[in-house]
Amino acid sequence: MGTTQESSGFARPGSRRFVYMAAAFAGLGGLLFGYDTGVISGAELFFKNDFSLSTFALEIIVSGVLAGAAAGALAGGRLADLFGRRILLIATALIFAAGALVCAAAVSPGMLIAGRIIVGIGIGLSSGTVPVYISEVSPPDARGWTVSLFQLAITLGILLAYLVDYAFARIQGWRWMFGIALVPAAIFGIGMLFLPESPRWLARRGRNDAARAILARIRGTSNVEAELQEIMHGLAEAREQGTWRDMLEPSLRPALIVGIGLAIFQQVTGINTVIYYAPMIVQSAGISSASGAILTTAGIGLVNVLMTIVSMWLIDRVGRRPLLLTGIAGMIVTLGVLGWAFHFAQPGGLLSWLAVISIMVYVASFAISLGPIFWLLISEIYPLKVRSSAEGVAATFNWLANLVVTLTFLTLLQMVGTSRTFWLYDVFGIGAWIFSYYLAPETKNRSLEEIEKFWRK
């Protein structure tokens, strides 16, 4: 499968370099996504003292970004269909920059919450648009790892946030931690100015000559008629403009269920409790100093990056399903061990280090499975007429689940304890494995049009 693209001269080295450059610049939206979600873990150790925050108020500030992200993801799909992927990503860069400024200048908890909501809108827009953009300019045989650049950029952003947190921990410089996000936001916006629009979006809008020209540019050959005709054929088999109701058609309903299910399971298995509250978790495991906890957290972030690279190398070779099922199984085991370690651990004891190691293996398991594969699948499995809207719906459920988990994490710790909280996430992990085993499709080496035909049949 996927022969149309290869036969049209798609594999030329020059074209590959252009596609990879486009994917890398678009992936900066993922870096900002990761940075702005990860930076809160270190900053919260310091601004909560400046503002004298309660546990609930701290949960609201941490969760403000998630409320904005849910709104941004829901609106982003329709906006990307109306104005194009490229224009929306340029606007997203400006929103990221505005949110960073507001957070850095915050003089009250309300202003900090407002800044985090603005940042969240940027995160939601990028999460619903960047994977679609990359998938629509990438070849079938490399689409897995190029779309996974988005997840790699998220993990690099999280690691960068941890390192910046550590650098400014000694001076308690939480304003600098937030403000430095201006730099990648500027690079992201400027880079997108020089990238082309998605040829599939142009063809959908009836701009066939522009779509042909961009296909020739990104494929490195003028022989693109076969691919353009495949795109046009896919459009001809569907109404030109998809609606919300189209996503509930019998042929598309299974794809919608897969996207929403993976969106929820990615969050209720607890990954972002580690991202947002990692230093606090590490401190409770026995590493008492703020700088030491942040540095240990940076080690967790490095594991996240390295295993995401491993996933990128394997995802187009092994396939989506084997990685997904293997990684979720690893998460199930390590969540169980993590709960056990916290149940018996004493500060400074060996079981405390077992807890830290379990967190690292848990993050590694996530990084080869639910982390990249969720974002990849929702960029692949939906027909062009509803692709951005359907991905936006899946991303919205992802952020809403994230919001619920983040709002309840500290409360659960107080009510049932750390060990039982992680065991609860473990139960959800078992549900995630069963769901993925029975419903998640394999999309390796299939063109987007072939995947669309699969659902239609």
# chains A, B, ... in the order shown; residues from 1 in each chain; ligands from 1
$ residues_around --residues "Ser126 in chain A" --least-positions-apart "3" --cutoff "8 Å" --atoms "only C-alpha atoms" --output "ChimeraX atom specification"
/A:29-30,33,73,89,92,122-123,129-130
$ residues_around --residues "Trp375 in chain A" --least-positions-apart "4" --cutoff "12 Å" --atoms "only C-alpha atoms" --output "ChimeraX atom specification"
/A:30,126-132,134-135,143-152,154,258-260,262-263,266,320,367,369-371,379-381,391-392,394-395,398
$ write_last_selection --atoms "N, CA, C and O atoms" --output "short mmCIF file (atom, residue, chain, number, x, y, z; two decimals), in the first residue's frame"
data_model
loop_
_atom_site.label_atom_id
_atom_site.label_comp_id
_atom_site.auth_asym_id
_atom_site.auth_seq_id
_atom_site.Cartn_x
_atom_site.Cartn_y
_atom_site.Cartn_z
N GLY A 30 4.73 21.90 19.32
CA GLY A 30 4.80 20.87 20.36
C GLY A 30 5.78 21.23 21.45
O GLY A 30 5.55 20.96 22.63
N SER A 126 -2.46 24.22 18.99
CA SER A 126 -1.33 23.48 18.41
C SER A 126 -1.58 21.98 18.45
O SER A 126 -1.25 21.26 17.50
N SER A 127 -2.19 21.49 19.54
CA SER A 127 -2.42 20.05 19.65
C SER A 127 -3.42 19.55 18.62
O SER A 127 -3.36 18.39 18.21
N GLY A 128 -4.33 20.42 18.16
CA GLY A 128 -5.31 20.00 17.17
C GLY A 128 -4.91 20.28 15.74
O GLY A 128 -5.57 19.79 14.82
N THR A 129 -3.82 21.02 15.53
CA THR A 129 -3.47 21.46 14.17
C THR A 129 -2.12 20.95 13.70
O THR A 129 -1.96 20.55 12.54
N VAL A 130 -1.11 20.97 14.59
CA VAL A 130 0.24 20.56 14.16
C VAL A 130 0.28 19.13 13.63
O VAL A 130 0.82 18.90 12.55
N PRO A 131 -0.28 18.12 14.34
CA PRO A 131 -0.21 16.76 13.79
C PRO A 131 -0.90 16.63 12.43
O PRO A 131 -0.43 15.90 11.55
N VAL A 132 -2.05 17.33 12.25
CA VAL A 132 -2.74 17.28 10.96
C VAL A 132 -1.87 17.88 9.87
O VAL A 132 -1.73 17.31 8.78
N ILE A 134 1.42 18.18 9.72
CA ILE A 134 2.57 17.31 9.41
C ILE A 134 2.11 16.08 8.64
O ILE A 134 2.75 15.67 7.67
N SER A 135 1.00 15.48 9.05
CA SER A 135 0.54 14.26 8.38
C SER A 135 0.18 14.53 6.92
O SER A 135 0.34 13.66 6.06
N ARG A 143 5.40 8.90 7.60
CA ARG A 143 4.44 9.74 8.31
C ARG A 143 4.44 9.44 9.81
O ARG A 143 4.26 10.34 10.63
N GLY A 144 4.68 8.18 10.18
CA GLY A 144 4.67 7.83 11.60
C GLY A 144 5.68 8.63 12.39
O GLY A 144 5.35 9.26 13.39
N TRP A 145 6.93 8.63 11.94
CA TRP A 145 7.95 9.31 12.74
C TRP A 145 7.94 10.83 12.54
O TRP A 145 8.30 11.58 13.46
N THR A 146 7.49 11.32 11.36
CA THR A 146 7.44 12.77 11.20
C THR A 146 6.33 13.37 12.07
O THR A 146 6.54 14.42 12.70
N VAL A 147 5.16 12.72 12.13
CA VAL A 147 4.12 13.21 13.03
C VAL A 147 4.57 13.06 14.49
O VAL A 147 4.26 13.90 15.34
N SER A 148 5.36 12.00 14.75
CA SER A 148 5.86 11.81 16.11
C SER A 148 6.88 12.88 16.51
O SER A 148 7.22 12.99 17.70
N LEU A 149 7.37 13.65 15.53
CA LEU A 149 8.19 14.81 15.89
C LEU A 149 7.43 15.74 16.82
O LEU A 149 8.03 16.43 17.66
N PHE A 150 6.10 15.78 16.68
CA PHE A 150 5.28 16.60 17.56
C PHE A 150 5.43 16.13 19.00
O PHE A 150 5.64 16.94 19.91
N GLN A 151 5.33 14.81 19.22
CA GLN A 151 5.48 14.28 20.57
C GLN A 151 6.91 14.46 21.07
O GLN A 151 7.14 14.76 22.25
N LEU A 152 7.90 14.27 20.18
CA LEU A 152 9.29 14.50 20.58
C LEU A 152 9.48 15.95 21.01
O LEU A 152 10.13 16.23 22.02
N ILE A 154 7.22 17.89 22.24
CA ILE A 154 6.57 18.04 23.55
C ILE A 154 7.53 17.61 24.65
O ILE A 154 7.71 18.31 25.65
N VAL A 258 -12.39 5.49 18.66
CA VAL A 258 -10.97 5.24 18.90
C VAL A 258 -10.26 6.51 19.36
O VAL A 258 -9.50 6.51 20.34
N GLY A 259 -10.50 7.62 18.66
CA GLY A 259 -9.83 8.87 19.01
C GLY A 259 -10.20 9.36 20.40
O GLY A 259 -9.32 9.73 21.19
N ILE A 260 -11.49 9.35 20.71
CA ILE A 260 -11.93 9.83 22.03
C ILE A 260 -11.46 8.89 23.13
O ILE A 260 -11.01 9.33 24.20
N LEU A 262 -8.78 6.83 23.20
CA LEU A 262 -7.35 7.00 23.44
C LEU A 262 -7.05 8.34 24.10
O LEU A 262 -6.15 8.44 24.93
N ALA A 263 -7.83 9.37 23.74
CA ALA A 263 -7.65 10.69 24.34
C ALA A 263 -7.86 10.63 25.85
O ALA A 263 -7.07 11.19 26.63
N GLN A 266 -5.17 8.30 27.63
CA GLN A 266 -3.84 8.90 27.73
C GLN A 266 -3.70 9.71 29.01
O GLN A 266 -2.62 9.80 29.59
N ARG A 320 2.02 0.64 14.78
CA ARG A 320 1.42 1.37 15.90
C ARG A 320 0.94 0.44 17.00
O ARG A 320 1.20 0.67 18.19
N ALA A 367 6.15 6.94 26.79
CA ALA A 367 6.80 7.63 25.67
C ALA A 367 6.87 6.78 24.41
O ALA A 367 7.06 7.33 23.31
N SER A 369 4.31 4.64 23.68
CA SER A 369 2.96 4.14 23.40
C SER A 369 1.93 5.26 23.36
O SER A 369 1.79 5.94 22.35
N LEU A 370 1.23 5.47 24.45
CA LEU A 370 0.13 6.44 24.46
C LEU A 370 0.59 7.86 24.16
O LEU A 370 -0.19 8.66 23.64
N GLY A 371 1.86 8.17 24.48
CA GLY A 371 2.35 9.51 24.21
C GLY A 371 2.29 9.88 22.74
O GLY A 371 1.45 10.69 22.32
N SER A 379 -4.29 11.94 13.80
CA SER A 379 -3.96 12.70 12.59
C SER A 379 -4.12 11.85 11.33
O SER A 379 -4.11 12.37 10.22
N GLU A 380 -4.29 10.52 11.51
CA GLU A 380 -4.34 9.61 10.36
C GLU A 380 -5.74 9.06 10.07
O GLU A 380 -6.08 8.83 8.91
N ILE A 381 -6.52 8.78 11.10
CA ILE A 381 -7.67 7.89 10.92
C ILE A 381 -8.94 8.59 10.46
O ILE A 381 -9.93 7.92 10.15
N GLU A 391 -10.13 15.67 14.84
CA GLU A 391 -8.95 15.71 15.70
C GLU A 391 -9.16 16.72 16.83
O GLU A 391 -8.73 16.50 17.96
N GLY A 392 -9.82 17.82 16.51
CA GLY A 392 -10.11 18.81 17.54
C GLY A 392 -11.00 18.23 18.63
O GLY A 392 -10.81 18.51 19.82
N ALA A 394 -11.20 15.00 19.50
CA ALA A 394 -10.38 14.08 20.28
C ALA A 394 -9.45 14.85 21.22
O ALA A 394 -9.30 14.49 22.40
N ALA A 395 -8.83 15.92 20.70
CA ALA A 395 -7.93 16.72 21.54
C ALA A 395 -8.69 17.38 22.68
O ALA A 395 -8.17 17.51 23.80
N ASN A 398 -9.18 14.95 25.32
CA ASN A 398 -7.89 14.75 25.96
C ASN A 398 -7.66 15.81 27.03
O ASN A 398 -7.25 15.51 28.17
#
$ closest_atom_pairs --of "range 93-164 of chain A" --to "range 213-218 of chain A" --cutoff "12 Å" --atoms "only C-alpha atoms" --output "Markdown table"
| residue | atom | partner | partner_atom | distance |
| --- | --- | --- | --- | --- |
| A:Ile134 | CA | A:Ile218 | CA | 12.0 |
| A:Glu136 | CA | A:Leu215 | CA | 10.5 |
| A:Val137 | CA | A:Ile218 | CA | 7.5 |
| A:Ser138 | CA | A:Ile218 | CA | 8.8 |
| A:Pro139 | CA | A:Ile218 | CA | 10.0 |
$ residues_around --residues "Leu413 in chain A" --least-positions-apart "4" --cutoff "12 Å" --atoms "only C-alpha atoms" --output "list in words"
Thr55, Thr273, Tyr277, Met280, Ile281, Ser284, Gly339, Phe342, Val405, Thr406, Leu407, Thr408, Phe409, Gly417, Thr418, Ser419, Arg420, Thr421, Phe422, Trp423 and Leu424 of chain A
$ residues_around --residues "Val361 in chain A" --least-positions-apart "5" --cutoff "12 Å" --atoms "only C-alpha atoms" --output "PyMOL selection string"
chain A and resi 271+299-304+306-307+327-338+354-356+366-368
$ closest_residue --among "A:Met177, A:Ile264, A:Ala211, A:Val404" --to "Ile231 in chain A" --atoms "only C-alpha atoms"
A:Ala211
$ atom_distance --atom1 "CA of Leu202 in chain A" --atom2 "CA of Pro383 in chain A"
15.2 Å
$ select_by_dssp --residues "range 41-252 of chain A" --states "helix (DSSP H, G or I)" --output "PyMOL selection string"
chain A and resi 41-50+55-83+85-104+109-137+143-169+174-179+182-193+199-204+208-219+225-236+245-248
